[in-house]
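Next up, data-v9.pdb (PDB, C-alpha atoms):
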```pdb
ATOM      1  CA  MET A   1     126.159  96.024  62.855
ATOM      2  CA  ASN A   2     123.928  93.161  61.724
ATOM      3  CA  HIS A   3     120.277  92.622  62.629
ATOM      4  CA  ASN A   4     120.973  90.204  65.526
ATOM      5  CA  GLN A   5     123.516  92.549  67.090
ATOM      6  CA  LEU A   6     121.036  95.445  66.905
ATOM      7  CA  LYS A   7     118.294  93.290  68.407
ATOM      8  CA  ASN A   8     120.575  92.195  71.254
ATOM      9  CA  LEU A   9     121.674  95.767  71.889
ATOM     10  CA  PHE A  10     118.058  96.933  71.974
ATOM     11  CA  LEU A  11     117.035  94.149  74.377
ATOM     12  CA  SER A  12     120.024  94.786  76.608
ATOM     13  CA  GLN A  13     119.313  98.522  76.769
ATOM     14  CA  SER A  14     115.597  97.898  77.381
ATOM     15  CA  TYR A  15     116.471  95.603  80.287
ATOM     16  CA  GLU A  16     118.845  98.173  81.792
ATOM     17  CA  ASP A  17     116.264 100.957  81.412
ATOM     18  CA  ALA A  18     113.518  98.857  83.028
ATOM     19  CA  TRP A  19     115.805  97.853  85.919
ATOM     20  CA  GLN A  20     116.777 101.498  86.548
ATOM     21  CA  ASP A  21     113.120 102.559  86.490
ATOM     22  CA  TYR A  22     112.228  99.796  88.929
ATOM     23  CA  ARG A  23     115.080 100.703  91.313
ATOM     24  CA  ALA A  24     114.029 104.370  91.203
ATOM     25  CA  SER A  25     110.429 103.392  91.992
ATOM     26  CA  LEU A  26     111.554 101.730  95.238
ATOM     27  CA  ASN A  27     112.591 105.118  96.618
ATOM     28  CA  LYS A  28     109.642 107.221  95.427
ATOM     29  CA  LYS A  29     107.472 108.164  98.393
ATOM     30  CA  ASN A  30     104.234 108.551  96.434
ATOM     31  CA  PHE A  31     104.686 105.473  94.248
ATOM     32  CA  VAL A  32     101.661 103.156  94.458
ATOM     33  CA  ARG A  33     102.619  99.855  96.065
ATOM     34  CA  TRP A  34     100.922  96.647  97.076
ATOM     35  CA  ASP A  35     100.175  96.296 100.792
ATOM     36  CA  TYR A  36     100.666  92.543 100.489
ATOM     37  CA  VAL A  37     102.183  90.295  97.865
ATOM     38  CA  ILE A  38     101.203  86.712  98.584
ATOM     39  CA  LEU A  39     102.725  83.718  96.825
ATOM     40  CA  THR A  40     100.937  80.399  97.082
ATOM     41  CA  ALA A  41     102.915  77.165  97.178
ATOM     42  CA  SER A  42     101.914  73.528  96.861
ATOM     43  CA  ASN A  43     103.743  72.418 100.022
ATOM     44  CA  GLU A  44     106.005  73.662 102.800
ATOM     45  CA  ALA A  45     109.247  72.739 100.998
ATOM     46  CA  GLN A  46     108.266  74.840  97.999
ATOM     47  CA  ALA A  47     107.172  77.651 100.330
ATOM     48  CA  GLU A  48     110.560  77.620 102.082
ATOM     49  CA  ALA A  49     112.349  77.955  98.738
ATOM     50  CA  TYR A  50     110.163  80.957  97.854
ATOM     51  CA  ARG A  51     110.760  82.523 101.281
ATOM     52  CA  ALA A  52     114.524  82.172 100.835
ATOM     53  CA  GLN A  53     114.302  83.959  97.486
ATOM     54  CA  LEU A  54     112.231  86.762  99.038
ATOM     55  CA  VAL A  55     114.713  87.196 101.892
ATOM     56  CA  PHE A  56     117.582  87.400  99.413
ATOM     57  CA  ARG A  57     115.762  90.087  97.408
ATOM     58  CA  GLN A  58     114.780  92.026 100.543
ATOM     59  CA  GLU A  59     118.348  91.962 101.874
ATOM     60  CA  ASN A  60     119.585  93.352  98.554
ATOM     61  CA  GLY A  61     117.007  96.142  98.496
ATOM     62  CA  TRP A  62     115.209  94.789  95.447
ATOM     63  CA  LEU A  63     111.721  94.774  96.997
ATOM     64  CA  PRO A  64     109.707  97.678  98.410
ATOM     65  CA  LYS A  65     110.054  97.949 102.180
ATOM     66  CA  GLN A  66     106.436  99.047 102.616
ATOM     67  CA  THR A  67     105.057  95.845 101.090
ATOM     68  CA  ARG A  68     104.555  92.757 103.217
ATOM     69  CA  PHE A  69     105.428  89.500 101.488
ATOM     70  CA  LEU A  70     103.786  86.242 102.502
ATOM     71  CA  VAL A  71     104.191  82.711 101.205
ATOM     72  CA  LEU A  72     101.333  80.344 101.955
ATOM     73  CA  PRO A  73     101.571  76.617 101.238
ATOM     74  CA  ASP A  74      98.474  74.543 100.582
ATOM     75  CA  PRO A  75      97.053  73.492 103.973
ATOM     76  CA  ASP A  76      98.311  70.177 105.337
ATOM     77  CA  GLY A  77     100.302  69.581 102.130
ATOM     78  CA  LYS A  78      97.098  68.685 100.268
ATOM     79  CA  ARG A  79      96.687  70.232  96.810
ATOM     80  CA  VAL A  80      93.746  72.636  96.847
ATOM     81  CA  GLY A  81      94.067  74.321  93.445
ATOM     82  CA  SER A  82      93.928  78.032  92.717
ATOM     83  CA  GLY A  83      90.464  78.453  94.237
ATOM     84  CA  GLY A  84      91.406  76.792  97.509
ATOM     85  CA  ALA A  85      94.683  78.690  97.629
ATOM     86  CA  THR A  86      92.798  81.969  97.127
ATOM     87  CA  LEU A  87      90.477  81.154 100.028
ATOM     88  CA  ASN A  88      93.539  80.330 102.146
ATOM     89  CA  VAL A  89      95.032  83.739 101.266
ATOM     90  CA  LEU A  90      91.818  85.562 102.147
ATOM     91  CA  ARG A  91      91.616  83.734 105.499
ATOM     92  CA  GLU A  92      95.234  84.677 106.313
ATOM     93  CA  ILE A  93      94.745  88.348 105.433
ATOM     94  CA  TRP A  94      91.530  88.461 107.451
ATOM     95  CA  GLN A  95      93.362  87.004 110.477
ATOM     96  CA  LEU A  96      96.136  89.604 110.117
ATOM     97  CA  GLU A  97      94.047  92.675 109.296
ATOM     98  CA  HIS A  98      90.421  91.896 110.327
ATOM     99  CA  SER A  99      89.364  93.820 107.228
ATOM    100  CA  PHE A 100      90.041  94.137 103.511
ATOM    101  CA  ASP A 101      89.110  97.827 103.361
ATOM    102  CA  GLY A 102      91.628  99.808 101.345
ATOM    103  CA  LEU A 103      94.138  96.964 101.071
ATOM    104  CA  ARG A 104      95.996  96.360  97.827
ATOM    105  CA  LEU A 105      96.635  92.636  97.524
ATOM    106  CA  LEU A 106      98.540  90.794  94.823
ATOM    107  CA  VAL A 107      98.135  87.019  94.851
ATOM    108  CA  ILE A 108     100.562  85.034  92.731
ATOM    109  CA  HIS A 109      99.554  81.394  92.366
ATOM    110  CA  SER A 110     102.872  79.600  92.218
ATOM    111  CA  GLY A 111     102.094  76.191  93.662
ATOM    112  CA  GLY A 112     102.438  74.236  90.444
ATOM    113  CA  ASP A 113     105.007  71.627  89.557
ATOM    114  CA  SER A 114     106.287  73.459  86.462
ATOM    115  CA  LYS A 115     105.769  70.402  84.308
ATOM    116  CA  ARG A 116     105.737  72.547  81.173
ATOM    117  CA  VAL A 117     108.875  74.420  82.251
ATOM    118  CA  PRO A 118     110.920  71.832  84.179
ATOM    119  CA  GLN A 119     113.921  74.102  84.757
ATOM    120  CA  TYR A 120     111.768  75.953  87.334
ATOM    121  CA  SER A 121     110.623  72.830  89.163
ATOM    122  CA  ALA A 122     113.456  73.001  91.701
ATOM    123  CA  CYS A 123     111.329  75.404  93.721
TER     124      CYS A 123
END
```

Whole structure given in structure tokens:
Amino acid sequence: MNHNQLKNLFLSQSYEDAWQDYRASLNKKNFVRWDYVILTASNEAQAEAYRAQLVFRQENGWLPKQTRFLVLPDPDGKRVGSGGATLNVLREIWQLEHSFDGLRLLVIHSGGDSKRVPQYSAC
């Protein structure tokens, strides 16, 4: 086996191992999970694409059932940047929970146009 074949075999096995570990973690009762995972989007069209991807993953059992997933577009379709998007997330969580005590939140700012990686700009 040459060097490239060994490298590909290693990467393939690493991927399979990581995927199996992740799938096993979904069923562990005491596994630490996020209470909310919130994706920000630049507009409603982008948000809808993200929501469709989340639904697909939830239907296939690829996301933890205990975690709530939200997608929040920039308000009124006006770009607000990461800071404004963060404030929007905090307002939404406050309206849902009336507190931040003990909550584990993961905010993923994904409202860009992917200009540096255009193959991802479809969403």

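Considering all atoms listed in the file, the residue among A:Thr67, A:Thr40, A:Gln53, A:Gln58 positioned nearest to Leu90 of chain A is A:Thr40.
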
If you measure from atom CA of Glu92 of chain A to atom CA of Asp74 of chain A, what distance in Å do you get, rounded to one decimal?
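Here the two named atoms are 12.1 Å from each other.
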
Just the residues within 12 Å of Val32 of chain A, please, counting all atoms listed in the file, with nothing from its chain fewer than 3 positions along; format it as a list in words.
Ser25, Leu26, Asn27, Lys28, Lys29, Asp35, Pro64, Gln66, Thr67, Leu103 and Arg104 of chain A

Taking all atoms listed in the file into account, name the residue in A:Leu63, A:Arg91, A:Leu105, A:Leu39 that is nearest to Ala24 of chain A.
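Checking each candidate against Ala24 of chain A, we get A:Leu63 as the closest.
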
Please expand the PyMOL selection byres ((chain A and resi 75) around 10) into the concrete residues it hits in this file, giving the result as an MDAnalysis selection string.
chainID A and resid 41:44 72:74 76:80 84:85 88

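Pairwise distance (atom CA of Arg68 of chain A, atom CA of Gly83 of chain A) equals 22.0 Å.
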
Distance cut-off 12 Å, centre (112.4, 82.0, 98.5) in file coordinates, counting all atoms listed in the file: which residues qualify? Return them as an NGL selection string.
:A and (39-41 or 44-58 or 69-72 or 110 or 122-123)

note - atom CA of Ile38 of chain A and atom CA of Leu11 of chain A are separated by 29.9 Å

Skipping near chain neighbours, those fewer than 5 positions away, what residues fall within 12 Å of Gly102 of chain A using all atoms listed in the file, listed as a PyMOL selection string?
chain A and resi 34-36+97
